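Read through the structure below, which is laid out as C-alpha cells, and then see the notes.
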Amino acid sequence: MTGPGLHERLRDAGMSAWELGDLLGIHPHLVRSDHGQPLTARPVQALIEIARRLDLHPADLVPELEPLLSCRRQAARHDPGGQDPRADALTVLTALATAPAPLSAGQLARALGWQLPRAAAAITAAQDNPDLGGPLALRRIPPETWTVTPRLDILTPAQRRALRDTTGAADLDDDQARVLLAALAAGQEWQGGNYPALRARPGWAAAEAALKQAGLIYSTTGPDEVRVSDDVKFSLRYSDDDHIARELGETPPPNQAATHPARGGQARPEARE
Amino acid sequence: MYVVDNAGDDLAAVRHINACGGPADGRAVLRPTPGARDVDTLGWDLLVAVAKPPHGARREHVSGLSWEYGQSWLAGFAVSHMIIDRAHLLTRDQAGKAAAAAARAGATLWLLWGTATGLRGPGCGGPPHLVAGQPAQVISLWEFYQRLPAAPPPATEPDQEDDWPPLPAADFPTFLAACRRYLPRDQFAQVAPLYYDTAEAADAWLETYGAPRDPRDGQLTAAFEGALAGWLRDSAIGPAPCGPAALVRLRAVQAALFIRAIVLSWQPGPLGPDPASRLPGNLTPQLAGALATTVRTDAAAATALSAHLNHGPAFFGTLQIGDVAPDGSAIRVPASRGRPDRRGITPGADGPYDQMPEADERTWREMAAAEPIRIPACARALFTAHLAYRHASGATGTDPYFAHPRDPAGKPATQNLRGAIRATAQRIGLDLPWMHGDSCQYGADIGLTRRGHSWLSERGLRLARTGPGQDPILTPPRGKPCRPRWITGEPP
C-alpha cells in the first residue's frame with residue numbers, strides 16, 4: 001500500500017467506522033480490516049463505497065488490485081516534486097478548498113512546503129486554467145489572499161436564488177409533527193380557538209418557527225392563527241393540485257375537476273408498478 | 001409410471017429432458033451416478049435432482065438423510081413429474097426406492113430406458129427387474145415428448161427500477177407536492193396513482209384494525225406497532241418491486257397515518273447511498289433461489305424467515321406445525337401464545353438482566369401479531385419442504401415446527417437454528433445484521449440506545465408510540481380524501 005491508509009483517511013475525514021458504515025449503508029465490520037477478515041474478503045460494493053467516500057484509490061484499500069487497474073496512481077505520500085504547472089495548480093486549488101480561511105501565496109508555500117515562486121506560479125496557472133477547479137473558481141480576496149468559491153457561470157440567477165432560499169429537506173421531528181398536526185386540527189379561529197393555548201407549551205415556538213421557515217405553515221393574521229401550506233394539504237390529500245398547476249402555468253383540461261376517490265373498484269397498488 | 005423406450009440413446013431425448021425444467025417447474029430429473037449400485041448414492045442424486053449441489057449433503061453433515069431430505073424437497077416443490085435418465089443403470093433396490101419416493105410425492109415417474117436390452121420381459125409391459133409388481137407402460141420417445149412437453153420459458157421481469165423517475169427527497173408532508181412540481185407530468189402520472197392507491201389501502205387497513213391506542217394513556221399499543229409492521233412488510237412496502245416504488249408507498253402510508261395523528265418517521269441517514277432500495281422486503285426471488293440450494297430444510301426455512309422478518313431465531317422455537325399454512329403461504333403465531341423467557345433479557349429469567357425489554361417486545365410483536373406473516377410466493381417451497389420433513393418425522397399440529405435434530409422433545413431448537421442460519425448465510429453470502437456480535441448493538445446513528453432487530457428498525461422506520469395522538473385536540477379533521485380526477489383516469 002503506497003497511498004494513505006484507511007485509518008488515516010478515516011481520521012482525516014473526522015469519521016468513525018460506525019459513522020462511515022451508516023453513511024454508506026454497510027455494516028461497520030465491512031469497513032474495518034481488524035475484524036478477522038481482510039478487506040479482500042469484503043463485497044466489491046463495500047470497497048467501492050469506502051473508496052468513493054474517503055477519496056481513496058482502490059489499490060490503497062486492496063493492494064492486489066494494483067496490477068489490474070489501468071488508471072494511473074496518484075502518489076499520495078510524497079510531494080510530486082515536478083514543476084507541472086497544471087498539477088501544481090490543482091494542488092493549490094485543493095489546498096484553498098481545504099483551508100478554513102483565504103490564504104496568501106506565502107502561506108500556501110509554507111503549508112505545501114514549496115518555494116514562494118512555485119506557489120505564485122501555481123496560482124497563476126490556476127487563473128489561466130479555470131476548468132481545473134471544476135465547480136469551484138479561484139478568487140482573490142483583497143489585498144493578497146486567495147480562496148475558492150462556486151463558479152457563477154453555470155447556474156442561472158433564478159437557480160441560485162432558489163438554492164439560497166432552500167431551507168433543506170429536513171425530516172419532521174416529534175415537536176414539529178405536533179405543531180403541524182395542531183395547525184391542521186386547530187390552527188384557525190373557527191376550529192375552536194385552541195391554538196394560542198397550544199403555543200404556550202414548551203418547545204412549541206421553536207418547532208413552529210422551523211416549520212414556517214420550511215414553508216409548511218404560515219400566518220397571515222398574527223401569531224395566534226396558522227395555516228397549512230397548499231403543498232402540505234395536497235400531499236395529505238386535503239386538496240387537489242390546482243394551485244401547483246396555476247404556478248406551473250399549466251392549462252387544465254376543462255373536465256379536470258377534483259373529485260373524491262371512488263371507493264369501489266380501486267386498483268391495488270401493485271397494478272400501478 | 002412410464003418406461004420410455006430410448007433404445008437408441010437418442011441425443012434429442014437428453015435435449016428434451018434438459019428443457020423440461022427443474023423443481024420450480026414441478027419437475028425433477030434424476031441422473032443416476034454411473035457405476036454406483038447403492039441406494040445411498042442414488043439419494044444424493046435425488047438431492048441433485050431437486051437443485052442441491054452435489055456435495056451439499058456432505059457439507060451440511062446430513063449425508064445419511066439424503067432420501068428424507070430429497071423426499072421433503074420433492075413435496076416442497078410440489079414435483080409432479082420425476083424423470084430418471086438412463087434408468088437401465090438402476091438396480092432393483094434403487095429403482096424401488098426411487099419409485100417409492102415418486103409415489104409418496106404424488107409424482108409421475110418416467111424411466112428413460114437407454115438400451116435395447118431387457119426392455120420387455122415375458123408377461124410384463126416393462127423391464128421386469130425395475131417395475132416388479134407395479135403397473136408400467138412402455139411408450140416411445142415421441143409419446144414422451146407429447147405427454148411431457150418442455151417447460152415454458154421463465155417470465156423475464158423488466159428491470160423496473162429503470163422505469164422510475166428520480167424522486168424528491170422531501171418528507172411526507174410535501175412529498176406529493178414536490179413530485180407534482182418537479183416531475184414532468186407524465187412521470188407524475190406514474191407516481192400519483194400509486195400514492196393515492198396506497199394511501200387509500202392504508203385508510204382501509206386502519207379502519208379495519210380499529211383502535212390503535214390504549215384508552216388508559218392514549219399511547220399506541222405494542223400490538224398495533226406489531227400489526228403495522230406486519231402490514232407494511234407483507235402488503236404495503238415489502239412487496240414493492242423496487243426502491244422508488246417502495247418510497248412512494250412509504251410516503252403515502254406516512255401521510256395516511258399522519259392525519260390520524262400517528263407519526264411514522266423515516267430516518268434514511270444510516271441506510272447508505274440509495275436508502276429507498278433498502279425499503280422493500282429482503283426475501284427476494286434471488287435469495288429464495290439461493291436458499292433452495294440448501295439441503296437441510298430447517299436451515300433453509302429458518303434463514304428465509306430470518307431474512308423476511310429481519311429477526312434472529314430467538315422466537316422461532318415457539319412456532320408449531322399448525323402455525324404454518326400447508327402451502328407455505330402464511331405463518332400465524334397466535335398473539336395469545338406465551339412469549340418465551342430469554343436469558344439475560346427477560347426480567348426474572350436466568351442470567352444478568354440486560355436493558356432490552358422494549359426492543360425484545362417489539363421483535364416478539366412483529367412475529368406474534370393479529371395478522372399472519374405472509375410468505376412471498378417465491379419462498380413458499382422452502383416452508384412446505386420443512387413442513388413435509390417434520391410430518392415425515394412424525395410431528396403433528398402442536399409439535400414445534402423447528403425442532404432440535406437430536407432431541408426434538410427435550411431441547412429448544414434456537415441454538416441449533418442459529419448455527420444453521422449462520423452457516424447457510426455464510427455459504428450464500430448473506431449478511432444478516434443480527435449475526436454480528438454484541439459490540440454492534442450500539443451505532444453512531446442511535447447513540448447509546450441499543451439497536452434492536454426488527455423489520456421497522458432495519459429500514460430506519462420508527463413509530464412514535466407516544467406523541468401528538470395522545471392529545472385529542474391535535475387530531476386533524478378527516479373527510480373523504482381528495483384525488484384529482486385526471487390522476488384516476490376516470491371519465492369526468
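Starting from 1 in every chain, residues are counted up; chains themselves are A, B, ... following the order of the C-alpha cells, and ligands are numbered from 1 as listed.
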Exercise for review: Based on DSSP run over this structure's backbone, return all residues of stretch 99-307 of chain B in helix (DSSP H, G or I), as a ChimeraX atom specification.
Suggested key: /B:99-105,141-147,160-163,172-182,185-209,222-236,243-258,269-271,275-278,285-291,297-307
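For stretch 141-335 of chain B, backbone-based DSSP labels the following residues as strand (DSSP E): B:Leu264, B:Ser265, B:Trp266, B:Ala330, B:Ile331.
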Review point. Of the candidates B:Thr475, B:Gln267, B:Thr466, B:Thr363, which shows the shortest atom-to-atom distance to B:Asp217, using only C-alpha atoms?
Key: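 Looking at the shortest contact to B:Asp217, the residue is B:Thr466.
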**Study point:** Residue among A:Asp175, A:Asp153, A:Glu189, A:Glu8 lying closest to chain B, counting only C-alpha atoms
**Key:** A:Asp175
Practice item. Output as JSON, numbers by chain the set of chain B residues within 6 Å of chain A, with distances taken over only C-alpha atoms. Key: {"B": [170, 171, 173, 174, 176, 177, 194, 197, 198, 255, 270, 271, 272, 273, 444, 468, 474, 475, 476, 481, 482, 483, 484, 485, 486, 492]}
Review point. Residues at most 10 Å from A:Ile154, counting only C-alpha atoms, excluding those fewer than 5 positions away in the same chain, as a list in words?
Key: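 These residues fall inside the cut-off: Pro135, Gln159 and Arg160 of chain A.
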Would you mind exporting N, CA and C atoms of the selected residues as a short mmCIF file (atom, residue, chain, number, x, y, z; two decimals), in the first residue's frame?
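Just written: result33.cif:
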data_model
loop_
_atom_site.label_atom_id
_atom_site.label_comp_id
_atom_site.auth_asym_id
_atom_site.auth_seq_id
_atom_site.Cartn_x
_atom_site.Cartn_y
_atom_site.Cartn_z
N PRO A 135 -16.30 22.82 -10.40
CA PRO A 135 -17.37 23.75 -10.00
C PRO A 135 -16.87 24.92 -9.15
N GLN A 159 -31.86 29.94 -10.51
CA GLN A 159 -31.46 28.71 -9.81
C GLN A 159 -30.67 29.04 -8.56
N ARG A 160 -29.79 30.06 -8.68
CA ARG A 160 -29.01 30.44 -7.49
C ARG A 160 -29.92 30.96 -6.39
#
Exercise for review: Quote the spacing between atom CA of B:Ala102 and atom CA of B:Met82 in Å to one decimal place.
Suggested key: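 According to the coordinates, atom CA of B:Ala102 and atom CA of B:Met82 are separated by 6.6 Å.
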Check your understanding: Skipping near chain neighbours, those fewer than 6 positions away, what residues fall within 9 Å of stretch 409-416 of chain B using only C-alpha atoms, listed as a ChimeraX atom specification?
Key -> /B:313-317,399-400,402-403
**Study point:** Length of the atom CA of A:Ala214 to atom CA of A:Arg161 vector [Å]
**Key:** 15.6 Å
Revision key, fill the gap. Expressed in Å, the length from atom CA of B:Ala377 to atom CA of B:Arg104 is 23.8 Å
Check your understanding: Do you know which residues are at most 10 Å from stretch 336-338 of chain B counting only C-alpha atoms, after dropping those on the same chain fewer than 6 positions away, and could you put them as a list of chain:residue names?
Key ->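 Non-adjacent residues within range: B:Thr318, B:Leu319, B:Ala368, B:Ala369, B:Ala370.
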**Study point:** Selection near stretch 139-142 of chain B, 7 Å with only C-alpha atoms, sequence-local residues under 2 positions removed, as JSON, numbers by chain
**Key:** {"B": [2, 3, 4, 5, 6, 137, 144, 145, 146]}
Residue contacts of B:Gln94 (7 Å, only C-alpha atoms) excluding same-chain residues fewer than 5 positions away, as a compact mmCIF listing (two decimals) with C-alpha atoms, in the first residue's frame:
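Everything below was put into selection_37.txt:
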# COMPACT_ATOMS: atom_id res chain seq x y z
CA ASP B 38 -26.11 -48.50 -3.85
CA VAL B 39 -29.19 -46.71 -2.65
CA LEU B 42 -28.95 -42.54 -5.61
**Study point:** Residue among A:Pro142, A:Gly133, A:Gly203, A:Pro67 lying closest to A:Pro102, counting only C-alpha atoms
**Key:**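 For A:Pro102, the nearest of the candidates is A:Pro142.
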